[in-house]
Structure formats: structure tokens, C-alpha cells
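Below is one structure; the comments refer to it alone.
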Amino acid sequence: MTRTVTLLAVVLNYRTPDMTADAVDAALKEMEGLHGHLVLVDNDSQDGSFEALCQAAIDRGWQDRVTVVPSGNNGGFGAGNNFGIRTGLSLCNPEFVYILNSDAFPDSGSIGRLVDTLRNHPDVGIAGSYIHGPDDAPHITAFRFPTIAGEFEGAARIGPISRVLKRSIVPLPLPETTCEVDWLAGASMMIRPDVLEAIGLFDETFFLYFEETDLCLRAQRAGWKTLYVRDSAVTHIGSVSTGMKTWERMPAYWFDSRRYYFTMNHGKTYAAMATIAHAAGAGLWRIWRILTGKPKRDPEHFLRDLVTHDVQWRAPSERSAPSYASMPMSPQEGGVL
């Protein structure tokens with residue numbers, strides 16, 4: 001029989017064991033006073049990370065509060081977190097599920113404030129933190145859902161167009177207070193299990209990017225709100241595992257995730273129109289950049305890669321979002337501390 005706890009936390013590691021261990025330490029400190037358990041998943045790093053994290057659990061005294069488990073396969077952000085959630089369900093029955101990035105460090109009171117938010121607002125299914133960098137600079141992590149108009153505006157980035165389409169701009173201005181948003185970045189996200197029972201876990205077709213967008217959209221369509229909790233602050237380094245800050249060209253999986261998101265949630269025609277809108281906006285931006293002398297912003301070959309990928313892309317026949325209760329993982333499978 002599994003025990004009932006307030007919080008099941010999941011942290012996903014990929015080749016950053018030292019930083020991940022520090023993130024776990026920060027999370028455990030903020031979980032003090034909460035009856036909870038943390039599942040630490042090594043997402044098939046194949047670099048000694050799993051062994052290093054098992055040793056960290058001993059050295060740092062985590063054993064009674066943390067389960068360290070290898071995923072056995074790197075299926076991406078959503079699949080890795082799903083693996084952690086299912087592992088946790090074999091150990092406990094949580095009031096809430098908390099997803100924390102391995103390069104994110106909860107500030108004082110941050111996790112407790114997310115718990116309080118969900119307890120005090122039964123219509124809220126997902127709550128996320130205010131994210132800032134180590135230099136205290138705020139990160140943009142609250143958004144509107146992507147649309148055709150948003151794709152056009154985001155590619156054009158020209159003042160008059162942005163003013164006309166201001167209600168379609170995907171990144172929201174930094175909220176000063178707690179407020180409802182369409183979706184949140186998954187660096188620090190708490191989810192009510194009722195939501196996951198209704199809509200399923202992360203869709204594992206997304207390898208990386210758009211999986212949180214998709215989860216929040218499915219939650220909204222099921223009647224749940226998503227809340228940006230301004231007084232829950234988390235320090236985030238950002239893009240350490242993915243290397244996004246050093247990308248010279250967007251990887252294929254980003255284009256896969258984008259097209260899959262539009263196709264599964266809005267249909268093939270809408271997805272094609274979103275790409276056409278993006279291409280049109282990008283064409284206007286190129287003309288504007290030539291006329292004004294503005295610097296180049298997009299990665300190399302971005303527009304060509306976007307259009308080429310869309311033409312070649314083939315939609316999966318169905319979603320791959322496991323149910324909340326499906327296939328709970330045994331903590332004896334694959335080596336666990």
C-alpha cells in the first residue's frame with residue numbers, strides 16, 4: 001500500500017549531476033515541513049551521472065526522502081518526467097505533483113506558496129513560479145497560447161504590427177502580481193493530480209519544447225486554470241542540459257514539437273496556416289531589417305529549416321500521453337536508491 005503525502009517532486013537529470021544534486025538539496029530544504037518525497041530521474045545520461053547521483057544521495061543524506069532511478073531511455077523532457085511521476089506513484093499517493101528543472105533552485109518559501117495556492121484555489125489545476133536568473137534578472141516564463149496571429153507577429157517583430165496584434169503576442173509582459181495565464185514554462189510547476197487523471201501526463205511525442213504548452217492547453221480545455229504565482233520565486237540558470245544558449249541552428253526536434261503541437265491541438269490546416277503566417281512575418285522582418293539596419297536575430301537557416309521541415313513532416317496517428325495511473329514503475333526495476 002502506498003503512503004499519502006503532500007508532495008511528489010520530480011527532478012530530471014541529463015549529464016549535469018553536480019548541479020542537479022544542488023537543485024535537489026534546494027528543493028528538499030523548501031520541502032521541510034511538508035510531507036513529501038522526491039524522485040530523481042537520470043535520463044539515460046550514459047556518463048556516470050546515475051552512479052554520481054546515487055553517491056550524492058548517500059553523501060548528502062537523502063536516502064529516506066529521495067528515490068534515484070535511471071530512465072533506461074532518453075525520451076526527452078516529458079517522457080523523463082512521466083517516468084518520475086509513475087515511479088513516485090508506486091511509492092506514495094500525493095496531494096500535488098511538482099516538476100523542478102535540474103538547473104532551478106527554489107527560493108525561500110517558494111514551494112510552500114505553490115502548495116497554498118492550489119489548496120486555496122480549487123479551480124486552479126497548474127501553478128508555476130516567478131523565475132529569475134542568478135543575477136536576479138527576471139525570465140519570461142508566462143505566455144499566451146501560440147496562434148496563427150501570434151506566429152505572424154513573433155516572426156515580424158515590427159512595432160506597428162505588434163501594436164495591432166498585441167493580444168496575440170505569445171510572451172506576456174512580466175506579471176507584477178499573481179494572475180491567470182495560458183501556459184507556463186516547466187522550470188517550477190505544480191500540478192493537481194485531478195488534472196493529470198483527466199487529461200493524462202506529458203505527451204511523449206514532444207522530445208523537448210512545447211510539452212508544457214500542450215499540457216496547459218489540455219488542462220484549460222478540461223476546465224482547469226493555470227496560475228502564475230508571483231511570490232513563489234525560483235532561481236534558474238537555464239538551458240544547461242540542452243545547450244540552447246550556444247545553438248547556431250535550431251535542432252530538428254524543435255520543429256517537430258512545434259508542428260506536432262499545432263497539428264494535434266488545432267488540425268493540419270491550422271498548422272500549415274501557422275507556418276505560412278510565420279514565413280510571411282519573417283519576410284516582412286527581412287525587408288524591415290534591410291531598411292533600418294537592424295541586426296540579425298534568428299538562428300542560421302531558420303526560415304528555410306522551418307518550411308522544409310513542415311513540408312517533410314508526417315503526423316503521428318495518435319497522441320502519446322500516458323494516463324496518470326498507467327504502468328506505475330516498480331522501484332526495484334533498473335536499479336534504484
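In the C-alpha cells, chains take the letters A, B, ... in the order shown, each chain's residues start at 1, and ligands count up from 1 in the order shown.
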
Quiz prompt | Backbone-only DSSP, strand (DSSP E or B) members of range 205-237 of chain A, as a VMD selection string | solution = chain A and resid 225 to 236

Quiz prompt | Residues within 10 Å of Arg218 in chain A, only C-alpha atoms, excluding chain neighbours under 5 positions, as a ChimeraX atom specification | solution = /A:195-196,198-200,212-213,223-224,265

Given the selection you just returned, output its residues as a file containing N, CA, C and O atoms, formatted as a tab-separated table (two decimals), in the first residue's frame.
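Result file is selection.tsv:
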chain	number	residue	atom	x	y	z
A	195	VAL	N	-5.98	16.89	-12.43
A	195	VAL	CA	-5.74	17.33	-13.81
A	195	VAL	C	-5.12	16.21	-14.62
A	195	VAL	O	-5.57	15.89	-15.73
A	196	LEU	N	-4.09	15.58	-14.06
A	196	LEU	CA	-3.41	14.51	-14.78
A	196	LEU	C	-4.30	13.29	-14.95
A	196	LEU	O	-4.20	12.58	-15.96
A	198	ALA	N	-7.43	13.51	-15.47
A	198	ALA	CA	-8.41	13.87	-16.51
A	198	ALA	C	-7.80	13.91	-17.90
A	198	ALA	O	-8.44	13.50	-18.88
A	199	ILE	N	-6.56	14.40	-18.01
A	199	ILE	CA	-6.00	14.66	-19.35
A	199	ILE	C	-4.80	13.79	-19.69
A	199	ILE	O	-4.35	13.78	-20.84
A	200	GLY	N	-4.24	13.07	-18.72
A	200	GLY	CA	-3.04	12.29	-18.96
A	200	GLY	C	-1.79	13.08	-18.61
A	200	GLY	O	-1.86	14.26	-18.25
A	212	GLU	N	5.01	21.65	-22.20
A	212	GLU	CA	4.26	22.36	-21.16
A	212	GLU	C	3.10	23.14	-21.77
A	212	GLU	O	2.02	23.23	-21.19
A	213	THR	N	3.33	23.72	-22.95
A	213	THR	CA	2.27	24.44	-23.65
A	213	THR	C	1.09	23.51	-23.91
A	213	THR	O	-0.07	23.86	-23.65
A	223	GLY	N	-11.19	22.42	-18.31
A	223	GLY	CA	-11.83	23.28	-17.32
A	223	GLY	C	-10.95	23.77	-16.19
A	223	GLY	O	-11.45	24.37	-15.23
A	224	TRP	N	-9.64	23.56	-16.29
A	224	TRP	CA	-8.72	23.95	-15.22
A	224	TRP	C	-7.97	25.23	-15.58
A	224	TRP	O	-7.57	25.43	-16.73
A	265	ASN	N	-3.45	19.91	-31.73
A	265	ASN	CA	-4.39	20.75	-30.99
A	265	ASN	C	-5.32	21.56	-31.87
A	265	ASN	O	-6.38	21.99	-31.41

Practice problem: Check the smallest atom-to-atom distance from each of A:Gln63, A:Ser232, A:Ser168, A:Thr20 to Leu114 in chain A using only C-alpha atoms, then report the winner. | Solution: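 Using only C-alpha atoms, the shortest distance to Leu114 in chain A belongs to A:Ser232.
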
Quiz item: Can you tell me, as an NGL selection string, what residues are no more than 8 Å from Asp256 in chain A when counting only C-alpha atoms, ignoring any on the same chain fewer than 4 positions away?
Solution: :A and (206 or 252 or 260 or 309 or 313)

Exercise. Give me the residues within 12 Å of Cys54 in chain A as a list of chain:residue names, counting only C-alpha atoms and dropping any in the same chain fewer than 2 places off.
Key: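 Returned residues: A:Pro17, A:Asp18, A:Thr20, A:Ala21, A:Val39, A:Leu40, A:Val41, A:Asp42, A:Gly48, A:Ser49, A:Phe50, A:Glu51, A:Ala52, A:Ala56, A:Ala57, A:Ile58, A:Asp59, A:Arg60, A:Gly61, A:Trp62, A:Gln63, A:Val66, A:Thr67, A:Val68, A:Val69, A:Pro70, A:Gly335, A:Val336, A:Leu337.
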
Self-check item: Contacts of Leu100 in chain A at 12 Å (only C-alpha atoms; same-chain gap of 6+ positions) as number ranges by chain
Solution: A: 8-13, 20, 23-28, 38-41, 77, 81, 84, 106, 110-111, 128-129, 131, 185-191, 234-236

Exercise. For range 78-80 of chain A, please output as a PyMOL selection string all residues within 8 Å (counting only C-alpha atoms; exclusion window: fewer than 3 positions along the same chain).
Key: chain A and resi 12+41+43+71+74-75+83-84+202-204+206-208+211

Quiz item: Just how far from CA of Arg192 in chain A is CA of Arg119 in chain A, in Å to one decimal?
Solution: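 Distance reported for this atom pair: 9.5 Å.
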